[in-house]
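Colleague: Pasting in a structure now, in structure tokens, and then I'll have a few things to ask.
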Amino acid sequence: MDILKNSYLDEELEAVKKQGFLDYRTSQLPTWCPGCGYFGITHAIVQTCNDLQLKKEEVCVVSGIGCAGRYPIFMDVYGFHTVHGRSLPIAAGIKLSREELTVFAVAGDGDALGIGGGHLPHTIRRNVDITLFLFDNSIYGLTKGQTSPTTPLNQATNSHLKGNPDTPLKPVSLALAYGASFVARCYAGDVDGMKDVFRQAITHKGFSFIHIVTPCVTFDKTNITWGRLNGTVEPIEPVHDQTSFESALRLAEIPRLITGIFYQDKKRPSYMEIIRETQS
Amino acid sequence: MADVDIVIEICGSAGDGTISSGEILSRFMSSQGFEIMSFDSYPSEIRGFGKCVAHSRISNKKVLSPGKYTDILIALNNAHAISQLHTLRETGIVIFDNKPPNYLEEDQSIAGWIEPGMISYGIPLLNLSQKASGSARGRNMVALGALAAIFGIDGEQMKSAIHARYAKKNKVVIDSNINSFAEGFTWAQQHVTKVDSYTFGHSKPKPSKEKKAIINGNQAVAQAAIDSGLHLYAGYPITPATKIMEIVSRELPKKGGVMVQTEDEISAIGHVIGAGYAGKRAMTATSGPGFCLMSELANLAVMAEVPAVLVNSQRGGPSTGLPTRNEQSDLNIALFGGSGDSPRIVLAPTSVNECYTCTTLAFYLAEKYQTLVIILLDFFLSNSIRNITTPVPPKANQLNSNVAPTKTALKDYKRYKLTKNGISPRAIPGTPGGMCISTGLEHSEHGHPRYDRNTHPAMTEKRFNKIQGALSEAPKPRWVGPKKNVDIGVIAWGSTAGSAHEAVLNARKEGINVAFMSTVILSPFPVKEIKKFSEACSRILVPELNYTGQFANVLSPHLSRSIERLNMVTGLPISAEDILEKIRDMAR
Ligand code: SF4
């Protein structure tokens, strides 16, 4: 049973620590359910921060309410855990005040598409240089299993025992239609895929929209589950033209777990660039 | 020097140049050393020939209120002016067009409505305008010329003021205005036999050397915000606060700042909180309906301890209410709006001058006390124009009031450290070692969510205690009149305070033993001073523009005597005369 000896674990920990990404974590242990997809997302975000060597004091993470809302508590950066649905305006306010900061907005599907859905098109059309991590588990987890804006039609939830009567939104298609300059989808079970997209999103000049499909292991046993999704991920083919809005939209309308960068407009100026050029 | 205190109203249709002639008159009289308080009313409809009134009180004494009764009414449009006659003094004067283009029935001309005791001067406004400018557009200037000639205003100097007003326009515009004015002036000199005793001539004050700014409350707020180092303004158009956004949008980008016209008021306050969190000064301005939308995020500023300055220019409510009318009925929501026990700082300027000083103070306090500061204006204050001594911009030490953590404190940084005065030194993003979590959940000193039985009481108390410091940094309540044995004490707030102050001064002249108090800081509440005042008075009167007596209700637990109230919800500013009448009633 050598393997359980402390010295071995210490060595392992030392090796992990050396990689540096733990620096971006606080000592607070996440309160998420064991098996929740958020662990993997967190891991990919801190690893990306480490890969990009972002200064911790120059990273701001703004969240709303929901299981995803707790995210900033576990990251050792400037975290702002705000109110339900408003992470985008607050994150935008930060970025428009301090351009040197790297600003993340973290929101669940209820947060970003339900209560805060009105802010999405406007933050997108201003092209404020922030990154939105949309943790989409198609359910309200924190309040224990009610229908969300992305819950599939007819799926039974605690607020619709006989099945959801509301047609779900399609986040990637929406972001494209709103005119986002960076649109991607990731799967919480694919850390490498997430890291690749996150890195490009964070370095993108302008608003980056990342739809992350992630299982809620506690309140969704039928739809977005590890069992159903593992192995179904289809990374976007290299031949896809990321500058083509039409191809992106066509891809987005395919109802499968297609991941990667759907669309990117590298030329579009960010909001501050526009303000500086036209308003002063 | 004889007292001059004359209220002039110019009344016409949209397109008659009513407001611009009122502006010229006010500016010119200000340059002549008079005190002015002006107020324009526009039609609330966008199109059509709605009624415009340019109201201006001109005096060689301090002006505290707009004046309820008009002394001189200039009718540029008969129908509108007839509907304005109810505010004309019983001995007032009407200037009207005695040669209208078409024959008017007696009841269609204002001349047919003039009561015995009133005086009317008929001037052929249209004819003279056509003669001078070839069109009807100079009627307003003809009227100003006649006004100047009849009431002892220096015509030559006023002519140069008109010239200056239109200096940027082409020669045709300048000439037609100047010529119309001259035509009216000469005609009146030759044809009008003066039978009234109003005049500005004999009592012209010495023009003061100090530079006067002629601005309204909204302009004062916008200017003060920019002078206070505003970096970000976010807002959504809403009457009567929109002008603040428009001014800021012109001035702020020149200074490297940002104006965001957001999708709604929620986003506006969100942007402000984001900027405040990032260590920059930010503001939003709205009115009642928008204020309601903001209340959840406003509460986040309180809980997460983030600076935010929020202006609410009140209008009539509830709901969409009366967008272009005056009311002071958002006091309750300003003081108590939102969920939970939520302390905030509330300032309510009583004059245009204080719109400036309260705004600079608001930025200072918001940053220092890391909280929400609400500035309560109202429709009247936002739009009332005063000539004020050019305000002194804030000093350098007022431009940065954040209490930053020391190097030692950053070793184990506690964002919400419990301190003696309640202020926890705040590390702004970018500060190495200051990484922490700010949250709208109840939290420990480190910012971690805590719901245990000790944390919430301690943190609630901290949030309430910390803003108490603002009391000693805000202006002390103003006390006018004797300090003891007073029969009637009048306590007022916001734009009502000017009228109350004037009413008290006039009541004292009538021999009534009355005193006045007003306060600009409404939260935390200056209990000590107000208590002292009330103990010096046998009876207390609170006049205010709401139905339930919101301010009186706030006062009442602190006072040992019951409060008599004067509540009005007519949509108009309360006048000194209304309050004086109530004081007389009480004294009887
Ligand atoms: S409830 Fe669902 S989303 Fe929330 S932490 Fe648990 S598994 Fe994750």
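Within each chain, counting starts at residue 1; across the structure tokens, chains are named A, B, ... in the order shown, with ligands numbered 1 upward in that order.
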Identify, on the basis of only C-alpha atoms, every residue whose closest approach to Thr408 of chain B does not exceed 12 Å; exclude the query and any residue fewer than 3 positions from it along the same chain; express the result as a PyMOL selection string.

Modeller: chain B and resi 404-405+411-414+425+433-434

Colleague: Please identify all polymer residues within 10 Å of Ile178 of chain B, counting only C-alpha atoms, omitting same-chain residues fewer than 4 positions from it, and present them as a list in words.

Modeller: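 My list of contacting residues is Ala132, Ser133, Gly138, Met141, Val142, Gly145, Met158, Lys159, Ser160, Ala161, Ile162, His163, Tyr166, Val172, Val173, Ile174, Ala182 and Glu183 of chain B.
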
Colleague: Could you write those residues out with C-alpha atoms, as a tab-separated table (two decimals), in the first residue's frame?

Modeller:
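Output (result-v8.tsv):
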chain	number	residue	atom	x	y	z
B	132	ALA	CA	-37.78	94.76	-39.24
B	133	SER	CA	-37.10	91.26	-40.48
B	138	GLY	CA	-38.92	88.41	-34.88
B	141	MET	CA	-37.52	90.14	-30.10
B	142	VAL	CA	-40.02	92.94	-30.74
B	145	GLY	CA	-37.59	95.47	-27.12
B	158	MET	CA	-29.35	94.40	-24.37
B	159	LYS	CA	-28.89	94.75	-28.09
B	160	SER	CA	-25.26	93.74	-27.74
B	161	ALA	CA	-26.32	90.78	-25.60
B	162	ILE	CA	-28.63	89.63	-28.40
B	163	HIS	CA	-25.80	90.11	-30.85
B	166	TYR	CA	-26.49	84.90	-32.19
B	172	VAL	CA	-29.37	87.59	-41.68
B	173	VAL	CA	-30.28	85.92	-38.41
B	174	ILE	CA	-28.29	88.42	-36.35
B	182	ALA	CA	-34.77	97.86	-31.94
B	183	GLU	CA	-38.10	98.24	-33.69

Colleague: In Å, with one decimal, what is the gap from atom CA of Asp265 of chain A to atom CA of Thr243 of chain A?

Modeller: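 A separation of 6.2 Å between them.
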
Colleague: Which chains and residue numbers are within 6 Å of ligand 1, counting only C-alpha atoms and all ligand atoms, if I want them as a list in words?

Modeller: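 Taking only C-alpha atoms and all ligand atoms into account, the residues around ligand 1 at most 6 Å away are Trp32, Cys33, Cys36, Cys67, Gly141, Leu142, Cys216, Val217, Thr218 and Phe219 of chain A.
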
Colleague: Between atom CA of Lys131 of chain B and atom CA of Ser180 of chain B, what is the distance, to one decimal in Å?

Modeller: 8.1 Å
